[in-house]
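Trainee: Hey, dropping coords-v6.txt in here, compact mmCIF, C-alpha atoms and all ligand atoms:
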```
# COMPACT_ATOMS: atom_id res chain seq x y z
CA MET A 109 4.01 -3.92 12.33
CA THR A 110 4.40 -0.62 14.17
CA ALA A 111 2.48 2.55 13.42
CA LEU A 112 4.54 5.38 11.99
CA ALA A 113 4.76 8.69 13.80
CA PRO A 114 2.26 11.06 12.17
CA ALA A 115 5.07 13.37 11.02
CA ALA A 116 6.93 10.51 9.34
CA ILE A 117 4.52 10.24 6.45
CA VAL A 118 4.28 13.26 4.17
CA LEU A 119 1.09 13.83 2.20
CA GLN A 120 1.18 15.76 -1.05
CA PRO A 121 -1.10 16.32 -4.04
CA MET A 122 -0.65 13.61 -6.68
CA THR A 123 1.24 14.63 -9.81
CA LEU A 124 1.60 13.07 -13.25
CA GLY A 125 5.11 11.98 -12.25
CA ASP A 126 3.58 9.81 -9.53
CA LEU A 127 1.41 7.75 -11.86
CA GLU A 128 3.80 4.86 -12.49
CA GLN A 129 4.03 4.12 -8.76
CA VAL A 130 0.33 4.82 -8.14
CA VAL A 131 -0.75 2.43 -10.89
CA ALA A 132 1.62 -0.23 -9.52
CA ILE A 133 0.01 0.04 -6.05
CA ASP A 134 -3.45 0.08 -7.64
CA ARG A 135 -2.70 -3.22 -9.40
CA LEU A 136 -1.57 -4.77 -6.12
CA SER A 137 -4.65 -3.50 -4.29
CA PHE A 138 -7.74 -3.95 -6.45
CA PRO A 139 -9.14 -6.77 -8.61
CA GLN A 140 -10.19 -4.17 -11.20
CA PRO A 141 -7.49 -1.50 -11.07
CA TRP A 142 -7.76 1.87 -12.76
CA SER A 143 -5.64 2.45 -15.86
CA GLU A 144 -2.90 5.05 -15.98
CA GLY A 145 -5.11 6.90 -18.47
CA SER A 146 -7.91 7.11 -15.90
CA TYR A 147 -5.59 8.72 -13.38
CA ARG A 148 -4.16 11.00 -16.05
CA PHE A 149 -7.70 12.14 -16.93
CA GLU A 150 -8.49 12.82 -13.27
CA LEU A 151 -5.34 14.90 -12.77
CA THR A 152 -5.54 16.90 -15.99
CA GLN A 153 -9.22 17.13 -16.98
CA ASN A 154 -11.46 16.68 -13.96
CA GLN A 155 -11.81 19.89 -11.99
CA ALA A 156 -13.76 18.03 -9.30
CA ALA A 157 -10.93 15.58 -8.64
CA HIS A 158 -8.51 15.91 -5.73
CA PHE A 159 -5.91 13.19 -5.38
CA TRP A 160 -3.21 12.81 -2.73
CA VAL A 161 -0.17 10.59 -2.26
CA ALA A 162 1.56 9.43 0.93
CA LEU A 163 5.35 9.49 0.70
CA ALA A 164 7.72 7.13 2.48
CA PRO A 165 9.57 8.57 5.47
CA GLU A 166 12.70 10.55 4.64
CA GLY A 167 15.19 7.76 5.23
CA GLN A 168 13.34 5.37 2.97
CA ARG A 169 12.85 7.61 -0.03
CA SER A 170 14.83 7.03 -3.19
CA SER A 171 18.56 7.44 -2.75
CA LEU A 172 20.79 10.06 -4.29
CA LEU A 173 21.91 7.38 -6.75
CA ASP A 174 18.32 6.93 -7.86
CA ARG A 175 18.09 10.65 -8.50
CA VAL A 176 21.31 10.70 -10.51
CA LEU A 177 20.01 7.78 -12.58
CA GLY A 178 16.71 9.56 -13.12
CA ARG A 179 14.57 7.19 -11.09
CA PRO A 180 11.61 8.54 -9.10
CA GLN A 181 12.69 11.07 -6.49
CA ARG A 182 10.02 10.12 -4.03
CA THR A 183 8.65 6.79 -2.97
CA ILE A 184 4.89 6.57 -2.82
CA VAL A 185 3.41 4.20 -0.24
CA GLY A 186 -0.28 5.01 -0.71
CA TYR A 187 -2.76 7.32 -2.32
CA GLY A 188 -6.37 8.41 -2.20
CA GLY A 189 -8.76 10.56 -4.13
CA LEU A 190 -12.09 12.30 -3.98
CA TRP A 191 -14.53 14.04 -6.25
CA HIS A 192 -16.02 17.22 -4.84
CA VAL A 193 -19.51 18.14 -6.02
CA VAL A 194 -21.28 21.04 -4.29
CA ASP A 195 -21.52 20.02 -0.63
CA GLU A 196 -20.50 16.39 -1.03
CA ALA A 197 -17.15 14.65 -1.34
CA HIS A 198 -17.09 11.18 -2.84
CA ILE A 199 -14.01 9.22 -1.88
CA ASN A 200 -13.28 7.29 -5.06
CA THR A 201 -10.13 5.41 -4.12
CA LEU A 202 -7.81 4.72 -1.20
CA ALA A 203 -4.95 2.23 -1.17
CA VAL A 204 -1.70 1.53 0.62
CA HIS A 205 1.14 -0.56 -0.78
CA PRO A 206 0.89 -4.06 0.77
CA ASP A 207 4.35 -3.67 2.36
CA TRP A 208 3.14 -0.58 4.26
CA ARG A 209 -0.27 -1.70 5.47
CA GLY A 210 -1.13 -1.79 9.16
CA ARG A 211 1.10 1.22 9.92
CA ARG A 212 -1.63 3.91 9.85
CA VAL A 213 -0.78 5.18 6.39
CA GLY A 214 -4.37 4.51 5.32
CA GLU A 215 -5.60 6.42 8.35
CA ARG A 216 -3.35 9.39 7.53
CA LEU A 217 -4.62 9.40 3.95
CA LEU A 218 -8.25 9.24 5.04
CA ILE A 219 -7.73 12.14 7.46
CA CYS A 220 -6.08 14.09 4.64
CA LEU A 221 -9.01 13.41 2.29
CA LEU A 222 -11.59 14.40 4.92
CA ASP A 223 -9.66 17.59 5.75
CA ASP A 224 -9.49 18.40 2.04
CA ALA A 225 -13.22 17.73 1.69
CA ARG A 226 -14.00 20.13 4.55
CA ARG A 227 -11.67 22.76 3.09
CA LEU A 228 -13.54 22.47 -0.22
CA GLY A 229 -16.84 23.04 1.55
CA ALA A 230 -18.20 19.51 1.60
CA VAL A 231 -20.63 18.71 4.38
CA THR A 232 -20.80 14.96 3.80
CA ALA A 233 -18.40 12.34 2.49
CA THR A 234 -19.59 9.17 0.79
CA LEU A 235 -17.90 6.06 -0.53
CA GLU A 236 -18.54 2.52 -1.67
CA VAL A 237 -16.72 -0.44 -0.19
CA ARG A 238 -16.92 -4.17 -0.87
CA VAL A 239 -19.03 -6.06 1.66
CA SER A 240 -16.05 -8.40 2.17
CA ASN A 241 -13.58 -5.57 2.85
CA VAL A 242 -13.85 -5.52 6.63
CA VAL A 243 -10.44 -3.86 7.10
CA ALA A 244 -11.46 -0.80 5.08
CA GLN A 245 -14.93 -0.73 6.67
CA GLY A 246 -13.33 -0.71 10.13
CA LEU A 247 -11.14 2.24 9.15
CA TYR A 248 -14.11 4.16 7.75
CA ARG A 249 -16.27 3.47 10.82
CA ARG A 250 -13.54 4.82 13.08
CA PHE A 251 -13.83 8.11 11.18
CA GLY A 252 -17.58 8.40 11.47
CA PHE A 253 -18.75 6.62 8.34
CA LEU A 254 -22.06 4.84 8.73
CA GLU A 255 -23.57 2.27 6.42
CA VAL A 256 -26.50 3.97 4.66
CA GLY A 257 -27.21 1.58 1.82
CA ARG A 258 -26.14 -1.35 -0.25
CA ARG A 259 -25.59 -1.53 -4.01
CA PRO A 260 -26.27 -5.12 -5.14
CA ARG A 261 -23.71 -6.60 -7.56
CA TYR A 262 -21.97 -3.21 -7.80
CA TYR A 263 -18.54 -4.56 -8.77
CA ALA A 264 -17.60 -6.26 -12.02
CA ASP A 265 -17.30 -9.60 -10.21
CA HIS A 266 -20.86 -9.02 -8.87
CA GLU A 267 -19.91 -8.44 -5.23
CA ASP A 268 -22.22 -6.01 -3.42
CA ALA A 269 -21.01 -2.61 -2.27
CA LEU A 270 -21.88 -0.95 1.01
CA LEU A 271 -22.61 2.74 0.65
CA MET A 272 -21.15 4.64 3.60
CA THR A 273 -21.54 8.29 4.56
CA ALA A 274 -19.90 10.55 7.12
CA TYR A 275 -21.04 13.96 8.28
CA LEU A 276 -18.10 16.33 8.16
CA GLY A 277 -19.34 18.83 10.71
CA GLY A 278 -19.65 21.85 8.46
CA ARG A 279 -17.13 23.96 6.65
CA SER A 280 -13.60 24.34 7.95
CA GLY A 281 -12.09 27.71 8.53
CA ALA A 282 -9.22 26.95 6.10
C1 LIG B 301 -7.80 -0.32 3.46
C2 LIG B 301 -6.36 0.16 3.49
C3 LIG B 301 -6.24 1.43 2.63
C4 LIG B 301 -5.97 0.48 4.94
O1 LIG B 301 -4.65 1.01 4.93
P1 LIG B 301 -3.63 0.71 6.14
O2 LIG B 301 -2.53 1.69 6.04
O3 LIG B 301 -3.29 -0.72 6.19
O4 LIG B 301 -4.58 1.05 7.36
P2 LIG B 301 -4.19 1.47 8.82
O5 LIG B 301 -2.81 1.03 9.17
O6 LIG B 301 -4.47 2.92 8.94
O7 LIG B 301 -5.18 0.63 9.73
C5 LIG B 301 -6.45 0.21 9.34
C6 LIG B 301 -6.80 -1.08 10.05
O8 LIG B 301 -6.39 -2.19 9.24
C7 LIG B 301 -5.58 -3.09 9.98
N1 LIG B 301 -4.64 -3.65 8.98
C8 LIG B 301 -4.74 -3.50 7.67
N2 LIG B 301 -3.78 -4.14 7.02
C9 LIG B 301 -3.01 -4.71 7.94
C10 LIG B 301 -1.85 -5.50 7.89
N3 LIG B 301 -1.29 -5.88 6.73
N4 LIG B 301 -1.30 -5.89 9.03
C11 LIG B 301 -1.86 -5.53 10.17
N5 LIG B 301 -2.99 -4.79 10.28
C12 LIG B 301 -3.56 -4.39 9.18
C13 LIG B 301 -4.99 -2.23 11.05
O9 LIG B 301 -4.63 -2.97 12.18
C14 LIG B 301 -6.16 -1.29 11.37
O10 LIG B 301 -7.09 -1.94 12.21
P3 LIG B 301 -7.61 -1.23 13.54
O11 LIG B 301 -8.15 0.11 13.14
O12 LIG B 301 -8.66 -2.16 14.05
O13 LIG B 301 -6.40 -1.12 14.41
C15 LIG B 301 -5.38 -0.95 2.97
O14 LIG B 301 -5.64 -2.13 3.68
C16 LIG B 301 -5.48 -1.23 1.48
O15 LIG B 301 -4.85 -0.57 0.66
N6 LIG B 301 -6.31 -2.21 1.11
C17 LIG B 301 -6.49 -2.58 -0.31
C18 LIG B 301 -7.27 -1.52 -1.06
C19 LIG B 301 -8.60 -1.25 -0.40
O16 LIG B 301 -9.31 -2.15 0.00
N7 LIG B 301 -8.95 0.04 -0.33
C20 LIG B 301 -10.22 0.48 0.20
C21 LIG B 301 -11.23 0.50 -0.89
S1 LIG B 301 -12.85 1.00 -0.32
```
What is this structure when it is put down as structure tokens?
Mentor:
Amino acid sequence: MTALAPAAIVLQPMTLGDLEQVVAIDRLSFPQPWSEGSYRFELTQNQAAHFWVALAPEGQRSSLLDRVLGRPQRTIVGYGGLWHVVDEAHINTLAVHPDWRGRRVGERLLICLLDDARRLGAVTATLEVRVSNVVAQGLYRRFGFLEVGRRPRYYADHEDALLMTAYLGGRSGA
């Protein structure tokens, strides 16, 4: 699996029209996926929420025929979200469609979330990750996240969560 050129993947704010594809990826990615209603709430009611989607490269987006038939006009390959509270950003979800994993889409999304967090004025970013999820932990460590705690039996199936935090290096000029 080859990494995609950074410019190949386009990142955009998540919209309500994205939810069908986002929920489908969520179901493929997590044992306890969020409902469409949860995402709808985040996008429409939660001022602290900032969600992004990664779009497939130009050539692999939905065809003109899809557009004529009213199918989605963009193909989502991953998504991520954060809650911004005062000087902290909490990354609440990050997932890439299984067919697109290992091609740096997750990395692009994480960079996007951390840039967004800095732009919002966050000084630290936190997240929880399953102790068994070594792929995600490796990604987070590469971007400065350190393990700062453990939440025993955090998940519904009683697996522990690692609590990880990254220092964002102060406010961005954006
Ligand atoms: C974690 C996740 C978002 C990473 O996304 P991704 O696009 O595959 O990640 P990247 O391509 O940027 O690379 C991350 C690392 O995972 C490895 N990797 C992940 N899936 C892979 C796959 N299917 N094939 C090859 N390598 C893979 C990459 O080699 C890379 O390792 P490296 O940094 O040591 O080189 C993705 O695996 C995923 O959606 N997992 C399920 C949901 C999840 O666990 N989310 C995190 C919740 S805390």
Trainee: May I ask for the distance between CA of Gln245 in chain A and atom C15 of ligand LIG 301 (chain B), given in Å to one decimal place?
Mentor: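 Distance between the two atoms: 10.2 Å.
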Trainee: Pick out the residues sitting within 12 Å of range 131-141 of chain A, and hand them over as a PDB file with C-alpha atoms, keeping the file's coordinate frame; count all atoms listed in the file, and ignore anything fewer than 5 positions along from it in its own chain.
Mentor:
```pdb
ATOM      1  CA  MET A 122      -0.650  13.610  -6.680  1.00  0.00           C
ATOM      2  CA  LEU A 124       1.600  13.070 -13.250  1.00  0.00           C
ATOM      3  CA  GLY A 125       5.110  11.980 -12.250  1.00  0.00           C
ATOM      4  CA  ASP A 126       3.580   9.810  -9.530  1.00  0.00           C
ATOM      5  CA  SER A 146      -7.910   7.110 -15.900  1.00  0.00           C
ATOM      6  CA  TYR A 147      -5.590   8.720 -13.380  1.00  0.00           C
ATOM      7  CA  ARG A 148      -4.160  11.000 -16.050  1.00  0.00           C
ATOM      8  CA  VAL A 161      -0.170  10.590  -2.260  1.00  0.00           C
ATOM      9  CA  ALA A 162       1.560   9.430   0.930  1.00  0.00           C
ATOM     10  CA  THR A 183       8.650   6.790  -2.970  1.00  0.00           C
ATOM     11  CA  ILE A 184       4.890   6.570  -2.820  1.00  0.00           C
ATOM     12  CA  VAL A 185       3.410   4.200  -0.240  1.00  0.00           C
ATOM     13  CA  GLY A 186      -0.280   5.010  -0.710  1.00  0.00           C
ATOM     14  CA  TYR A 187      -2.760   7.320  -2.320  1.00  0.00           C
ATOM     15  CA  GLY A 188      -6.370   8.410  -2.200  1.00  0.00           C
ATOM     16  CA  THR A 201     -10.130   5.410  -4.120  1.00  0.00           C
ATOM     17  CA  LEU A 202      -7.810   4.720  -1.200  1.00  0.00           C
ATOM     18  CA  ALA A 203      -4.950   2.230  -1.170  1.00  0.00           C
ATOM     19  CA  VAL A 204      -1.700   1.530   0.620  1.00  0.00           C
ATOM     20  CA  HIS A 205       1.140  -0.560  -0.780  1.00  0.00           C
ATOM     21  CA  PRO A 206       0.890  -4.060   0.770  1.00  0.00           C
ATOM     22  CA  ASP A 207       4.350  -3.670   2.360  1.00  0.00           C
ATOM     23  CA  TRP A 208       3.140  -0.580   4.260  1.00  0.00           C
ATOM     24  CA  ARG A 209      -0.270  -1.700   5.470  1.00  0.00           C
ATOM     25  CA  VAL A 237     -16.720  -0.440  -0.190  1.00  0.00           C
ATOM     26  CA  ARG A 238     -16.920  -4.170  -0.870  1.00  0.00           C
ATOM     27  CA  ASN A 241     -13.580  -5.570   2.850  1.00  0.00           C
ATOM     28  CA  ALA A 244     -11.460  -0.800   5.080  1.00  0.00           C
ATOM     29  CA  TYR A 263     -18.540  -4.560  -8.770  1.00  0.00           C
ATOM     30  CA  ALA A 264     -17.600  -6.260 -12.020  1.00  0.00           C
ATOM     31  CA  ASP A 265     -17.300  -9.600 -10.210  1.00  0.00           C
ATOM     32  CA  HIS A 266     -20.860  -9.020  -8.870  1.00  0.00           C
ATOM     33  CA  GLU A 267     -19.910  -8.440  -5.230  1.00  0.00           C
TER      34      GLU A 267
END
```
Trainee: Taking all atoms listed in the file into account, name the residue in A:His158, A:Arg211, A:Arg259, A:Arg249 that is nearest to ligand LIG 301 (chain B).
Mentor: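 The answer is A:Arg211, which sits nearest to ligand LIG 301 (chain B).
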Trainee: Between CA of Gly214 in chain A and atom O10 of ligand LIG 301 (chain B), what is the distance, to one decimal in Å?
Mentor: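 These atoms are spaced 9.8 Å apart.
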Trainee: Could you pull the residues within 12 Å of Phe253 in chain A, counting all atoms listed in the file, minus those fewer than 3 positions along the same chain, as a list in words?
Mentor: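 With the cut-off at 12 Å, the set is Ile199, Leu218, Leu222, Thr232, Ala233, Thr234, Leu235, Glu236, Val237, Ala244, Gln245, Gly246, Leu247, Tyr248, Arg249, Arg250, Val256, Gly257, Leu270, Leu271, Met272, Thr273, Ala274, Tyr275 and Leu276 of chain A.
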Trainee: Compile the contact shell of Gly277 in chain A as a PyMOL selection string: residues with an atom at most 12 Å away, counting only C-alpha atoms, same-chain residues fewer than 3 positions apart removed.
Mentor: chain A and resi 195+222-223+225-227+229-233+252+274+280-281
Trainee: Given only C-alpha atoms and all ligand atoms as the basis, pick out the residue of A:Asn200, A:Gln129, A:His192, A:Arg261 nearest to ligand LIG 301 (chain B).
Mentor: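 Of A:Asn200, A:Gln129, A:His192, A:Arg261, the one nearest ligand LIG 301 (chain B) is A:Asn200, counting only C-alpha atoms and all ligand atoms.
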Trainee: Take CA of Pro165 in chain A and CA of Trp142 in chain A and report the distance between them in Å, one decimal.
Mentor: 26.0 Å
Trainee: Measuring atom to atom with only C-alpha atoms, identify which of A:Leu228, A:Val130, A:Glu144, A:Leu217 is nearest to Val194 in chain A.
Mentor: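 Comparing A:Leu228, A:Val130, A:Glu144, A:Leu217 against Val194 in chain A, the winner is A:Leu228.
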Trainee: Between A:Arg182, A:Ala157, A:Ala113, A:Pro121, which residue has the minimum interatomic distance to ligand LIG 301 (chain B), considering all atoms listed in the file?
Mentor: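 For ligand LIG 301 (chain B), the nearest of the given residues is A:Ala113.
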Trainee: Looking at all atoms listed in the file, which of A:Leu119, A:Leu254, A:Leu127, A:Val193 is the one that sits closest to Gln155 in chain A?
Mentor: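 Using all atoms listed in the file, Gln155 in chain A sits closest to A:Val193.
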Trainee: Select, from A:Glu196, A:Asp268, A:Glu215, A:Leu190, the residue with the minimum atom-to-atom distance to ligand LIG 301 (chain B), counting all atoms listed in the file.
Mentor: A:Glu215
Trainee: Mind giving me the axis-aligned box for ligand LIG 301 (chain B) with 3 Å on every side, centre plus edges in Å to one decimal, as AutoDock Vina command-line options?
Mentor:
```
--center_x -7.1 --center_y -1.5 --center_z 6.7 --size_x 17.6 --size_y 14.8 --size_z 21.5
```
